[in-house]
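Colleague: So here's target_31.tsv (TSV, C-alpha atoms).
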```tsv
chain	number	residue	atom	x	y	z
A	1287	MET	CA	22.53	2.98	4.28
A	1288	LEU	CA	18.83	3.76	4.46
A	1289	PRO	CA	17.64	7.32	3.83
A	1290	SER	CA	16.83	9.76	6.62
A	1291	LEU	CA	13.84	12.06	6.33
A	1292	GLN	CA	16.08	15.04	5.55
A	1293	GLU	CA	17.94	13.10	2.85
A	1294	SER	CA	14.61	12.12	1.32
A	1295	LEU	CA	13.37	15.70	1.37
A	1296	ASP	CA	16.59	17.01	-0.16
A	1297	GLY	CA	16.35	14.52	-3.01
A	1298	ASP	CA	12.66	15.28	-3.52
A	1299	GLU	CA	13.33	19.01	-3.72
A	1300	LYS	CA	15.93	18.46	-6.44
A	1301	GLU	CA	13.48	16.32	-8.37
A	1302	LEU	CA	10.81	18.97	-8.07
A	1303	GLU	CA	13.14	21.74	-9.20
A	1304	SER	CA	14.16	19.80	-12.28
A	1305	SER	CA	10.68	18.60	-13.19
A	1306	GLU	CA	8.62	21.78	-12.83
A	1307	GLU	CA	9.23	25.38	-13.88
A	1308	GLY	CA	6.93	28.38	-13.51
A	1309	GLY	CA	3.26	28.57	-12.56
A	1310	SER	CA	1.67	28.80	-9.16
A	1311	ALA	CA	1.47	25.88	-6.74
A	1312	GLU	CA	-2.29	25.67	-7.22
A	1313	GLU	CA	-1.94	25.58	-11.02
A	1314	ARG	CA	0.62	22.78	-10.81
A	1315	ARG	CA	-1.52	20.83	-8.35
A	1316	LEU	CA	-4.52	20.85	-10.67
A	1317	GLU	CA	-2.46	19.97	-13.73
A	1318	PRO	CA	-3.80	16.79	-15.39
A	1319	PRO	CA	-1.52	13.72	-15.49
A	1320	PRO	CA	0.61	13.27	-18.62
A	1321	SER	CA	-0.79	11.10	-21.37
A	1322	SER	CA	0.21	7.47	-21.09
A	1323	HIS	CA	1.44	5.30	-23.90
A	1324	TYR	CA	1.39	1.56	-24.33
A	1325	CYS	CA	2.47	-1.14	-26.75
A	1326	LEU	CA	1.19	-4.70	-26.85
A	1327	TYR	CA	3.40	-7.21	-28.68
A	1328	SER	CA	2.93	-10.80	-29.71
A	1329	TYR	CA	5.94	-12.93	-28.86
A	1330	ARG	CA	6.58	-16.32	-30.44
A	1331	GLY	CA	9.55	-18.50	-29.66
A	1332	SER	CA	10.72	-21.15	-32.10
A	1333	ARG	CA	10.37	-24.88	-31.40
A	1334	LEU	CA	14.16	-25.12	-31.40
A	1335	ALA	CA	14.34	-22.51	-28.64
A	1336	GLN	CA	11.78	-24.40	-26.57
A	1337	GLN	CA	13.82	-27.59	-26.95
A	1338	ARG	CA	16.92	-25.73	-25.82
A	1339	GLY	CA	15.07	-24.76	-22.69
A	1340	ASP	CA	14.94	-28.41	-21.56
A	1341	SER	CA	17.78	-30.70	-20.65
A	1342	ASP	CA	18.09	-34.29	-21.83
A	1343	ASP	CA	16.06	-35.57	-18.88
A	1344	GLY	CA	13.22	-33.13	-19.58
A	1345	SER	CA	13.99	-30.71	-16.74
A	1346	PRO	CA	14.71	-26.98	-17.23
A	1347	SER	CA	18.35	-26.41	-18.09
A	1348	GLY	CA	18.80	-23.06	-16.30
A	1349	THR	CA	18.05	-19.38	-16.60
A	1350	ASN	CA	20.35	-18.79	-19.58
A	1351	ALA	CA	18.07	-20.89	-21.78
A	1352	GLU	CA	14.86	-19.21	-20.63
A	1353	THR	CA	15.06	-16.49	-23.28
A	1354	PRO	CA	16.06	-17.52	-26.82
A	1355	SER	CA	18.66	-15.76	-28.94
A	1356	GLY	CA	17.79	-13.15	-31.56
A	1357	GLU	CA	17.18	-15.73	-34.31
A	1358	ASP	CA	14.87	-17.83	-32.14
A	1359	PHE	CA	11.84	-15.57	-31.70
A	1360	SER	CA	9.54	-13.17	-33.46
A	1361	LEU	CA	8.12	-9.98	-31.98
A	1362	SER	CA	5.13	-8.46	-33.75
A	1363	LEU	CA	3.01	-5.44	-32.85
A	1364	ALA	CA	-0.53	-6.22	-31.68
A	1365	ASP	CA	-1.68	-2.75	-30.61
A	1366	THR	CA	-0.23	0.62	-29.56
A	1367	ASN	CA	-1.02	4.29	-29.17
A	1368	LEU	CA	2.59	5.36	-29.70
A	1369	PRO	CA	3.39	7.53	-32.73
A	1370	SER	CA	4.25	5.32	-35.72
A	1371	GLU	CA	7.73	6.80	-36.05
A	1372	VAL	CA	8.58	5.95	-32.42
A	1373	GLU	CA	7.21	2.42	-32.00
A	1374	PRO	CA	10.05	0.70	-33.95
A	1375	GLU	CA	12.52	2.15	-31.43
A	1376	LEU	CA	10.70	0.48	-28.57
A	1377	ARG	CA	10.35	-2.80	-30.46
A	1378	SER	CA	14.09	-2.80	-31.18
A	1379	PHE	CA	14.86	-2.10	-27.52
A	1380	ILE	CA	12.68	-5.01	-26.34
A	1381	ALA	CA	14.13	-7.36	-28.96
A	1382	LYS	CA	17.65	-6.60	-27.75
A	1383	ARG	CA	16.70	-7.36	-24.15
A	1384	LEU	CA	15.04	-10.61	-25.22
A	1385	SER	CA	18.11	-11.66	-27.21
A	1386	LYS	CA	20.35	-10.99	-24.20
A	1387	GLY	CA	18.19	-13.11	-21.89
A	1388	ALA	CA	17.17	-10.08	-19.81
A	1389	VAL	CA	13.42	-10.87	-19.72
A	1390	PHE	CA	11.89	-13.93	-18.07
A	1391	GLU	CA	8.39	-15.36	-18.33
A	1392	GLY	CA	6.16	-14.58	-15.35
A	1393	LEU	CA	8.44	-11.84	-13.99
A	1394	GLY	CA	7.85	-8.17	-14.74
A	1395	ASN	CA	10.65	-5.96	-15.98
A	1396	VAL	CA	10.97	-2.19	-15.66
A	1397	ALA	CA	13.46	-0.22	-17.72
A	1398	SER	CA	14.04	3.40	-18.74
A	1399	VAL	CA	13.74	4.02	-22.46
A	1400	GLU	CA	14.70	7.23	-24.26
A	1401	LEU	CA	12.12	7.64	-27.01
A	1402	ARG	CA	11.97	10.61	-29.35
A	1403	ILE	CA	8.53	11.87	-28.35
A	1404	PRO	CA	8.33	15.68	-28.19
A	1405	GLY	CA	7.64	16.91	-24.67
A	1406	TYR	CA	7.51	13.38	-23.28
A	1407	ARG	CA	9.75	12.27	-20.45
A	1408	VAL	CA	10.07	8.60	-19.51
A	1409	GLU	CA	9.74	8.07	-15.75
A	1410	HIS	CA	10.57	5.27	-13.40
A	1411	THR	CA	7.73	3.18	-11.94
A	1412	PHE	CA	7.52	0.13	-9.69
A	1413	ARG	CA	7.45	-3.43	-10.91
A	1414	LEU	CA	5.03	-4.99	-8.41
A	1415	GLU	CA	2.21	-2.63	-9.34
A	1416	LEU	CA	2.78	-3.23	-13.04
A	1417	ASP	CA	2.94	-7.01	-12.51
A	1418	LYS	CA	-0.50	-6.96	-10.85
A	1419	TYR	CA	-1.91	-4.74	-13.57
A	1420	ILE	CA	-0.60	-6.89	-16.41
A	1421	GLN	CA	-1.92	-10.00	-14.67
A	1422	GLY	CA	-5.34	-8.39	-14.96
A	1423	LEU	CA	-4.71	-7.93	-18.68
A	1424	LYS	CA	-3.78	-11.59	-19.06
A	1425	ASN	CA	-6.96	-12.63	-17.26
A	1426	ASN	CA	-9.03	-10.48	-19.64
A	1427	MET	CA	-7.30	-11.92	-22.70
A	1428	ASN	CA	-8.08	-15.44	-21.53
A	1429	CYS	CA	-11.79	-14.67	-21.43
A	1430	GLU	CA	-14.14	-15.39	-24.31
A	1431	GLU	CA	-16.39	-12.36	-24.62
A	1432	ARG	CA	-17.61	-9.88	-27.19
A	1433	GLY	CA	-15.96	-6.51	-27.43
A	1434	LEU	CA	-12.79	-7.90	-25.89
A	1435	GLU	CA	-10.56	-5.90	-28.21
A	1436	ASN	CA	-12.08	-2.57	-27.17
A	1437	HIS	CA	-11.90	-3.60	-23.52
A	1438	ILE	CA	-8.19	-4.41	-23.79
A	1439	LYS	CA	-7.50	-1.09	-25.51
A	1440	SER	CA	-9.27	0.73	-22.70
A	1441	TYR	CA	-7.41	-1.32	-20.07
A	1442	LEU	CA	-4.01	-0.60	-21.62
A	1443	SER	CA	-4.78	3.10	-22.03
A	1444	SER	CA	-5.64	3.37	-18.33
A	1445	TRP	CA	-2.43	1.87	-16.93
A	1446	PHE	CA	-0.91	5.20	-15.91
A	1447	GLU	CA	-4.08	6.40	-14.21
A	1448	ASP	CA	-4.59	3.09	-12.38
A	1449	VAL	CA	-0.98	2.21	-11.49
A	1450	VAL	CA	0.88	5.47	-11.00
A	1451	CYS	CA	-1.66	8.08	-9.89
A	1452	PRO	CA	-3.56	6.55	-6.90
A	1453	ILE	CA	-1.00	7.65	-4.28
A	1454	GLN	CA	-1.03	11.19	-5.63
A	1455	ARG	CA	-4.83	11.26	-5.55
A	1456	VAL	CA	-4.85	10.11	-1.90
A	1457	VAL	CA	-2.33	12.78	-0.90
A	1458	LEU	CA	-4.34	15.53	-2.58
A	1459	LEU	CA	-7.58	14.21	-1.07
A	1460	PHE	CA	-6.45	14.07	2.56
A	1461	GLN	CA	-3.80	16.83	2.72
A	1462	GLU	CA	-2.79	17.27	6.42
A	1463	LYS	CA	-5.05	14.37	7.41
A	1464	LEU	CA	-2.71	12.04	5.56
A	1465	THR	CA	-0.82	11.67	8.84
A	1466	PHE	CA	-3.72	9.53	10.15
A	1467	LEU	CA	-3.47	7.18	7.17
A	1468	LEU	CA	0.30	6.85	7.54
A	1469	HIS	CA	-0.11	6.04	11.23
A	1470	ALA	CA	-2.75	3.40	10.49
A	1471	ALA	CA	-0.52	1.76	7.87
A	1472	LEU	CA	2.53	1.78	10.14
A	1473	SER	CA	0.64	0.45	13.18
A	1474	TYR	CA	-1.35	-2.23	11.28
A	1475	THR	CA	-4.61	-0.67	12.42
A	1476	PRO	CA	-7.64	-1.78	10.36
A	1477	VAL	CA	-9.17	0.96	8.22
A	1478	GLU	CA	-12.81	1.10	7.13
A	1479	VAL	CA	-13.85	3.46	4.33
A	1480	LYS	CA	-17.49	4.59	4.32
A	1481	GLU	CA	-19.67	6.56	1.90
A	1482	SER	CA	-17.02	6.48	-0.80
A	1483	ASP	CA	-17.07	5.70	-4.50
A	1484	GLU	CA	-15.22	2.57	-5.60
A	1485	LYS	CA	-12.32	4.43	-7.19
A	1486	THR	CA	-11.53	6.37	-4.01
A	1487	LYS	CA	-11.84	3.23	-1.89
A	1488	ARG	CA	-9.42	1.39	-4.20
A	1489	ASP	CA	-6.99	4.29	-4.03
A	1490	ILE	CA	-7.05	4.33	-0.22
A	1491	ASN	CA	-6.62	0.56	0.05
A	1492	ARG	CA	-3.74	0.66	-2.44
A	1493	PHE	CA	-2.06	3.43	-0.45
A	1494	LEU	CA	-2.39	1.43	2.76
A	1495	SER	CA	-1.03	-1.69	1.08
A	1496	VAL	CA	2.01	0.10	-0.29
A	1497	ALA	CA	2.64	2.06	2.94
A	1498	SER	CA	2.56	-0.96	5.26
A	1499	LEU	CA	5.74	-2.81	6.27
A	1500	GLN	CA	4.39	-6.08	4.90
A	1501	GLY	CA	7.24	-8.03	3.37
A	1502	LEU	CA	9.85	-5.95	5.22
A	1503	ILE	CA	9.43	-7.53	8.65
A	1504	HIS	CA	8.95	-11.17	9.63
A	1505	GLU	CA	5.56	-12.52	8.56
A	1506	GLY	CA	4.87	-14.04	11.99
A	1507	THR	CA	5.62	-10.70	13.64
A	1508	MET	CA	3.26	-8.92	11.29
A	1509	THR	CA	0.42	-11.37	12.00
A	1510	SER	CA	0.93	-11.12	15.76
A	1511	LEU	CA	1.11	-7.32	15.57
A	1512	CYS	CA	-2.15	-7.12	13.62
A	1513	MET	CA	-3.85	-9.27	16.26
A	1514	ALA	CA	-2.35	-7.24	19.10
A	1515	MET	CA	-3.42	-3.91	17.61
A	1516	THR	CA	-6.94	-5.19	16.96
A	1517	GLU	CA	-7.30	-6.54	20.52
A	1518	GLU	CA	-5.85	-3.39	22.05
A	1519	GLN	CA	-7.92	-0.82	20.23
A	1520	HIS	CA	-11.10	-2.79	19.55
A	1521	LYS	CA	-11.83	-0.18	16.90
A	1522	SER	CA	-10.95	0.36	13.27
A	1523	VAL	CA	-10.01	3.74	11.89
A	1524	ILE	CA	-13.13	5.04	10.14
A	1525	ILE	CA	-12.86	7.31	7.11
A	1526	ASP	CA	-16.15	9.00	6.27
A	1527	CYS	CA	-16.11	10.29	2.68
A	1528	SER	CA	-19.71	11.51	2.61
A	1529	SER	CA	-18.61	15.16	2.37
A	1530	SER	CA	-16.03	16.97	0.26
A	1531	GLN	CA	-13.63	16.89	3.23
A	1532	PRO	CA	-13.17	13.28	4.49
A	1533	GLN	CA	-13.43	12.84	8.25
A	1534	PHE	CA	-11.36	10.41	10.36
A	1535	TYR	CA	-12.61	8.70	13.50
A	1536	ASN	CA	-10.59	6.63	16.02
A	1537	ALA	CA	-7.43	7.78	14.24
A	1538	GLY	CA	-3.97	8.18	15.74
A	1539	SER	CA	-0.83	10.05	14.79
A	1540	ASN	CA	2.71	10.79	15.98
A	1541	ARG	CA	5.53	13.17	15.13
A	1542	PHE	CA	7.13	10.71	12.69
A	1543	CYS	CA	3.95	10.50	10.58
A	1544	GLU	CA	3.41	14.25	10.79
A	1545	ASP	CA	6.91	14.91	9.44
A	1546	TRP	CA	6.41	12.52	6.53
A	1547	MET	CA	2.97	13.94	5.84
A	1548	GLN	CA	4.70	17.26	5.28
A	1549	ALA	CA	7.12	15.58	2.86
A	1550	PHE	CA	4.14	14.39	0.81
A	1551	LEU	CA	2.57	17.84	0.81
A	1552	ASN	CA	5.85	19.35	-0.35
A	1553	GLY	CA	5.76	16.84	-3.21
A	1554	ALA	CA	2.24	17.97	-4.08
A	1555	GLU	CA	3.66	21.35	-5.03
A	1556	GLY	CA	5.51	19.79	-7.95
A	1557	GLY	CA	2.71	17.61	-9.30
A	1558	ASN	CA	4.98	14.66	-10.17
A	1559	PRO	CA	2.99	11.44	-9.50
A	1560	PHE	CA	6.11	9.25	-9.51
A	1561	LEU	CA	7.62	11.30	-6.70
A	1562	PHE	CA	4.85	10.36	-4.25
A	1563	ARG	CA	5.61	6.67	-4.67
A	1564	GLN	CA	9.31	7.25	-3.99
A	1565	VAL	CA	8.54	9.31	-0.87
A	1566	LEU	CA	6.35	6.44	0.35
A	1567	GLU	CA	9.23	3.98	-0.15
A	1568	ASN	CA	11.55	6.27	1.82
A	1569	PHE	CA	8.93	6.48	4.58
A	1570	LYS	CA	8.92	2.70	4.93
A	1571	LEU	CA	12.69	2.37	4.79
A	1572	LYS	CA	13.14	4.95	7.55
A	1573	ALA	CA	10.60	3.08	9.71
A	1574	ILE	CA	12.51	-0.18	9.19
A	1575	GLN	CA	15.80	1.55	9.98
A	1576	ASP	CA	14.38	2.88	13.26
A	1577	THR	CA	12.96	-0.54	14.15
A	1578	ASN	CA	16.33	-2.23	13.57
A	1579	ASN	CA	18.13	0.44	15.62
A	1580	LEU	CA	15.75	-0.08	18.52
A	1581	LYS	CA	16.20	-3.86	18.39
A	1582	ARG	CA	19.97	-3.39	18.44
A	1583	PHE	CA	19.73	-1.11	21.49
A	1584	ILE	CA	17.50	-3.65	23.25
A	1585	ARG	CA	20.04	-6.43	22.70
A	1586	GLN	CA	22.71	-4.19	24.23
A	1587	ALA	CA	20.42	-3.22	27.10
A	1588	GLU	CA	20.06	-6.83	28.20
A	1589	MET	CA	23.61	-6.54	29.61
A	1590	ASN	CA	24.16	-2.79	29.92
A	1591	HIS	CA	22.07	-0.28	31.89
A	1592	TYR	CA	23.48	2.66	29.93
A	1593	ALA	CA	22.21	1.02	26.73
A	1594	LEU	CA	18.77	0.87	28.38
A	1595	PHE	CA	18.89	4.63	28.79
A	1596	LYS	CA	19.91	4.93	25.11
A	1597	CYS	CA	16.81	2.90	24.22
A	1598	TYR	CA	14.66	5.33	26.16
A	1599	LEU	CA	16.23	8.39	24.52
A	1600	PHE	CA	15.83	6.84	21.09
A	1601	LEU	CA	12.13	6.08	21.67
A	1602	LYS	CA	11.56	9.57	23.03
A	1603	ASN	CA	13.23	11.34	20.10
A	1604	CYS	CA	12.46	9.18	17.05
A	1605	GLY	CA	8.86	10.39	16.77
A	1606	SER	CA	7.34	6.91	16.40
A	1607	GLY	CA	8.20	5.32	19.74
A	1608	ASP	CA	4.57	4.30	20.34
A	1609	ILE	CA	4.55	2.06	17.27
A	1610	LEU	CA	8.16	0.82	17.42
A	1611	LEU	CA	7.71	-0.36	20.97
A	1612	LYS	CA	4.67	-2.41	19.98
A	1613	ILE	CA	6.60	-4.01	17.09
A	1614	VAL	CA	9.58	-5.08	19.23
A	1615	LYS	CA	7.28	-6.18	22.05
A	1616	VAL	CA	5.64	-8.70	19.72
A	1617	GLU	CA	8.99	-9.88	18.34
A	1618	HIS	CA	10.53	-10.38	21.81
A	1619	GLU	CA	7.50	-11.98	23.44
A	1620	GLU	CA	9.27	-15.36	23.81
A	1621	MET	CA	12.64	-13.91	24.92
A	1622	PRO	CA	12.61	-13.32	28.73
A	1623	GLU	CA	15.56	-10.92	29.02
A	1624	ALA	CA	14.50	-8.78	26.07
A	1625	LYS	CA	10.89	-8.92	27.28
A	1626	ASN	CA	11.99	-7.42	30.62
A	1627	VAL	CA	13.80	-4.60	28.82
A	1628	VAL	CA	10.67	-3.85	26.77
A	1629	ALA	CA	8.55	-3.81	29.93
A	1630	VAL	CA	10.87	-1.22	31.53
A	1631	LEU	CA	10.77	0.90	28.37
A	1632	GLU	CA	6.97	0.78	28.39
A	1633	GLU	CA	6.96	2.19	31.93
A	1634	PHE	CA	9.39	4.93	30.90
A	1635	MET	CA	7.20	5.89	27.96
A	1636	LYS	CA	4.04	5.94	30.09
A	1637	GLU	CA	5.69	8.26	32.59
A	1638	THR	CA	6.92	10.51	29.79
A	1639	LEU	CA	3.43	10.64	28.31
A	1640	ALA	CA	1.89	11.46	31.69
A	1641	GLN	CA	4.38	14.30	32.24
A	1642	SER	CA	3.53	15.83	28.87
A	1643	PHE	CA	-0.07	16.56	29.99
```
How does this structure look as structure tokens?
Modeller:
Amino acid sequence: MLPSLQESLDGDEKELESSEEGGSAEERRLEPPPSSHYCLYSYRGSRLAQQRGDSDDGSPSGTNAETPSGEDFSLSLADTNLPSEVEPELRSFIAKRLSKGAVFEGLGNVASVELRIPGYRVEHTFRLELDKYIQGLKNNMNCEERGLENHIKSYLSSWFEDVVCPIQRVVLLFQEKLTFLLHAALSYTPVEVKESDEKTKRDINRFLSVASLQGLIHEGTMTSLCMAMTEEQHKSVIIDCSSSQPQFYNAGSNRFCEDWMQAFLNGAEGGNPFLFRQVLENFKLKAIQDTNNLKRFIRQAEMNHYALFKCYLFLKNCGSGDILLKIVKVEHEEMPEAKNVVAVLEEFMKETLAQSF
């Protein structure tokens, strides 16, 4: 079952209560991010292990042979900023996972590790972001250039700031205006950032990328929806960052995005950067849940007039009916009966909107 907004907020409040004690909201908001640690290891598999990875005809023999056993590899420390008394714990943990075949080449792996670092708490992060970041490290290591060692140290030391903190920075930058960014991400509306430094622009683009439903709905639907939104509005959302308070132009919002904006601001009180990413995941999952519910009601409405009324009530009360209707309209474009249902719902929504003014 996918989380509702209230379930997400309840879980977030518990996280905040357990992660922060004392101090004013403003003090916690301005608190610097925790220091990040890293370890870089050199892994070497034996020739015997590589031979085991191939079958007699030269093809791969399966996933069980991808990672060699404990006697078939060496793991040596290349660089770290962990305390010397803690690093062996991490190396031992990684070696055990390698020996069990729990790590595969080319695929990131995220795990919680209890290390004995005073005042340090290991948090959960998200694999896709780390995969992209480590790919950048691999690209740097493949380059022949002077000062590469110092560059890699700097790159590794910045992983927390570059991977975990961007969403938090965007929330704190936009505050209540975050609802416009959520709406743009959900509706596939193009966003143009002006008069901004590169770091802020990267943060905004990363937020939009993570907040969109890309990968959660059919790729063809997403492409068609992007085209439809562009043709309909003829305008991108403009974010002008020339002043201390960014200004939005051509932006839209709805009750759904406003409610989730408030969930992000509640998270800002606790200052936990990992929490923002989880709230964003819950935001997307709730949007997908609502989309699937609407599609189910539309299928029922093709044969049942009462179900058509249920569709209307759902669109009216869900808070994001404007966007959901556009999504299902694109998906049902080639289905005559469903297309007729969507057309009736569009008329209902137009009348409702006219009555509200």
Colleague: Rank nothing, just name the residue among A:Phe1542, A:Tyr1327, A:Trp1445, A:Phe1466 nearest to Asn1603 (chain A), using all atoms listed in the file.
Modeller: A:Phe1542
Colleague: For a quick check of understanding, using all atoms listed in the file, which of A:Ser1528, A:Ser1370, A:Gln1575, A:Gln1454 has the smallest distance to Arg1492 (chain A)?
Modeller: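 Of A:Ser1528, A:Ser1370, A:Gln1575, A:Gln1454, the one nearest Arg1492 (chain A), counting all atoms listed in the file, is A:Gln1454.
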Colleague: Have a look at CA of Ile1584 (chain A) and CA of Leu1601 (chain A) and let me know their distance in Å, one decimal.
Modeller: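 CA of Ile1584 (chain A) sits 11.2 Å away from CA of Leu1601 (chain A).
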Colleague: Any idea what the distance is between CA of Lys1625 (chain A) and CA of Cys1543 (chain A)?
Modeller: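 Straight-line distance from CA of Lys1625 (chain A) to CA of Cys1543 (chain A) works out to 26.5 Å.
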Colleague: Select, counting only C-alpha atoms, all protein, DNA and RNA residues no farther than 10 Å from (-10.4, -2.5, 7.2) in file coordinates, and express the selection as a PyMOL selection string.
Modeller: chain A and resi 1474-1479+1491+1494+1522-1524
Colleague: What's the separation between CA of Asn1395 (chain A) and CA of Trp1546 (chain A), in Å to one decimal place?
Modeller: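 The value is 29.4 Å.
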Colleague: Find, counting all atoms listed in the file, the residue in A:Val1627, A:Leu1416, A:Ala1497, A:Met1547 that gets nearest to Val1457 (chain A).
Modeller: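 Smallest separation from Val1457 (chain A) among the options: A:Met1547.
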Colleague: From the set A:Arg1541, A:His1469, A:Lys1439, A:Lys1424, which residue has the shortest atom-to-atom contact distance to Lys1570 (chain A), counting all atoms listed in the file?
Modeller: A:His1469
Colleague: Please return as a ChimeraX atom specification every residue within 12 Å of (16.3, 4.6, 31.1), taking into account all atoms listed in the file and the file's own coordinates.
Modeller: /A:1583-1584,1587,1590-1602,1627-1635,1637-1638
Colleague: Mind checking which residues fall within 10 Å of Asp1448 (chain A), counting all atoms listed in the file, ignoring those fewer than 3 positions away in the same chain, and posting them as a CSV table (one decimal) with C-alpha atoms, keeping the file's coordinate frame?
Modeller:
```csv
chain,number,residue,atom,x,y,z
A,1415,GLU,CA,2.2,-2.6,-9.3
A,1416,LEU,CA,2.8,-3.2,-13.0
A,1419,TYR,CA,-1.9,-4.7,-13.6
A,1441,TYR,CA,-7.4,-1.3,-20.1
A,1442,LEU,CA,-4.0,-0.6,-21.6
A,1443,SER,CA,-4.8,3.1,-22.0
A,1444,SER,CA,-5.6,3.4,-18.3
A,1445,TRP,CA,-2.4,1.9,-16.9
A,1451,CYS,CA,-1.7,8.1,-9.9
A,1452,PRO,CA,-3.6,6.6,-6.9
A,1453,ILE,CA,-1.0,7.6,-4.3
A,1485,LYS,CA,-12.3,4.4,-7.2
A,1488,ARG,CA,-9.4,1.4,-4.2
A,1489,ASP,CA,-7.0,4.3,-4.0
```
Colleague: So that I can look at just that part, could you write region 1609-1615 of chain A with all heavy atoms, as a PDB file, in the first residue's frame?
Modeller:
```pdb
ATOM      1  N   ILE A1609      -3.920  18.085 -12.990  1.00  0.00           N
ATOM      2  CA  ILE A1609      -2.792  17.347 -13.564  1.00  0.00           C
ATOM      3  C   ILE A1609      -3.182  15.910 -13.890  1.00  0.00           C
ATOM      4  O   ILE A1609      -2.846  15.393 -14.958  1.00  0.00           O
ATOM      5  CB  ILE A1609      -1.595  17.374 -12.599  1.00  0.00           C
ATOM      6  CG1 ILE A1609      -1.082  18.807 -12.421  1.00  0.00           C
ATOM      7  CG2 ILE A1609      -0.460  16.471 -13.106  1.00  0.00           C
ATOM      8  CD1 ILE A1609       0.020  18.942 -11.410  1.00  0.00           C
ATOM      9  N   LEU A1610      -3.893  15.247 -12.972  1.00  0.00           N
ATOM     10  CA  LEU A1610      -4.265  13.844 -13.189  1.00  0.00           C
ATOM     11  C   LEU A1610      -5.100  13.675 -14.447  1.00  0.00           C
ATOM     12  O   LEU A1610      -4.931  12.703 -15.190  1.00  0.00           O
ATOM     13  CB  LEU A1610      -5.029  13.313 -11.976  1.00  0.00           C
ATOM     14  CG  LEU A1610      -4.292  13.272 -10.643  1.00  0.00           C
ATOM     15  CD1 LEU A1610      -5.169  12.635  -9.577  1.00  0.00           C
ATOM     16  CD2 LEU A1610      -2.985  12.497 -10.770  1.00  0.00           C
ATOM     17  N   LEU A1611      -5.983  14.628 -14.682  1.00  0.00           N
ATOM     18  CA  LEU A1611      -6.840  14.533 -15.859  1.00  0.00           C
ATOM     19  C   LEU A1611      -6.021  14.631 -17.144  1.00  0.00           C
ATOM     20  O   LEU A1611      -6.311  13.958 -18.135  1.00  0.00           O
ATOM     21  CB  LEU A1611      -7.898  15.634 -15.812  1.00  0.00           C
ATOM     22  CG  LEU A1611      -9.143  15.430 -16.683  1.00  0.00           C
ATOM     23  CD1 LEU A1611      -9.805  14.091 -16.381  1.00  0.00           C
ATOM     24  CD2 LEU A1611     -10.133  16.562 -16.473  1.00  0.00           C
ATOM     25  N   LYS A1612      -4.989  15.460 -17.121  1.00  0.00           N
ATOM     26  CA  LYS A1612      -4.122  15.568 -18.301  1.00  0.00           C
ATOM     27  C   LYS A1612      -3.347  14.269 -18.533  1.00  0.00           C
ATOM     28  O   LYS A1612      -3.142  13.841 -19.674  1.00  0.00           O
ATOM     29  CB  LYS A1612      -3.151  16.736 -18.130  1.00  0.00           C
ATOM     30  CG  LYS A1612      -3.805  18.116 -18.220  1.00  0.00           C
ATOM     31  CD  LYS A1612      -2.771  19.211 -18.093  1.00  0.00           C
ATOM     32  CE  LYS A1612      -3.388  20.583 -18.343  1.00  0.00           C
ATOM     33  NZ  LYS A1612      -4.357  20.950 -17.295  1.00  0.00           N
ATOM     34  N   ILE A1613      -2.902  13.640 -17.444  1.00  0.00           N
ATOM     35  CA  ILE A1613      -2.143  12.386 -17.570  1.00  0.00           C
ATOM     36  C   ILE A1613      -3.015  11.294 -18.179  1.00  0.00           C
ATOM     37  O   ILE A1613      -2.624  10.621 -19.144  1.00  0.00           O
ATOM     38  CB  ILE A1613      -1.602  11.941 -16.197  1.00  0.00           C
ATOM     39  CG1 ILE A1613      -0.541  12.925 -15.700  1.00  0.00           C
ATOM     40  CG2 ILE A1613      -1.006  10.530 -16.283  1.00  0.00           C
ATOM     41  CD1 ILE A1613      -0.023  12.615 -14.310  1.00  0.00           C
ATOM     42  N   VAL A1614      -4.223  11.099 -17.653  1.00  0.00           N
ATOM     43  CA  VAL A1614      -5.084  10.017 -18.165  1.00  0.00           C
ATOM     44  C   VAL A1614      -5.609  10.356 -19.555  1.00  0.00           C
ATOM     45  O   VAL A1614      -5.866   9.453 -20.358  1.00  0.00           O
ATOM     46  CB  VAL A1614      -6.250   9.732 -17.194  1.00  0.00           C
ATOM     47  CG1 VAL A1614      -5.727   9.234 -15.856  1.00  0.00           C
ATOM     48  CG2 VAL A1614      -7.134  10.957 -16.992  1.00  0.00           C
ATOM     49  N   LYS A1615      -5.754  11.638 -19.859  1.00  0.00           N
ATOM     50  CA  LYS A1615      -6.200  12.020 -21.201  1.00  0.00           C
ATOM     51  C   LYS A1615      -5.191  11.571 -22.245  1.00  0.00           C
ATOM     52  O   LYS A1615      -5.566  11.042 -23.302  1.00  0.00           O
ATOM     53  CB  LYS A1615      -6.403  13.532 -21.278  1.00  0.00           C
ATOM     54  CG  LYS A1615      -6.897  14.025 -22.639  1.00  0.00           C
ATOM     55  CD  LYS A1615      -7.089  15.536 -22.642  1.00  0.00           C
ATOM     56  CE  LYS A1615      -7.591  16.003 -24.003  1.00  0.00           C
ATOM     57  NZ  LYS A1615      -7.806  17.478 -24.035  1.00  0.00           N
TER      58      LYS A1615
END
```
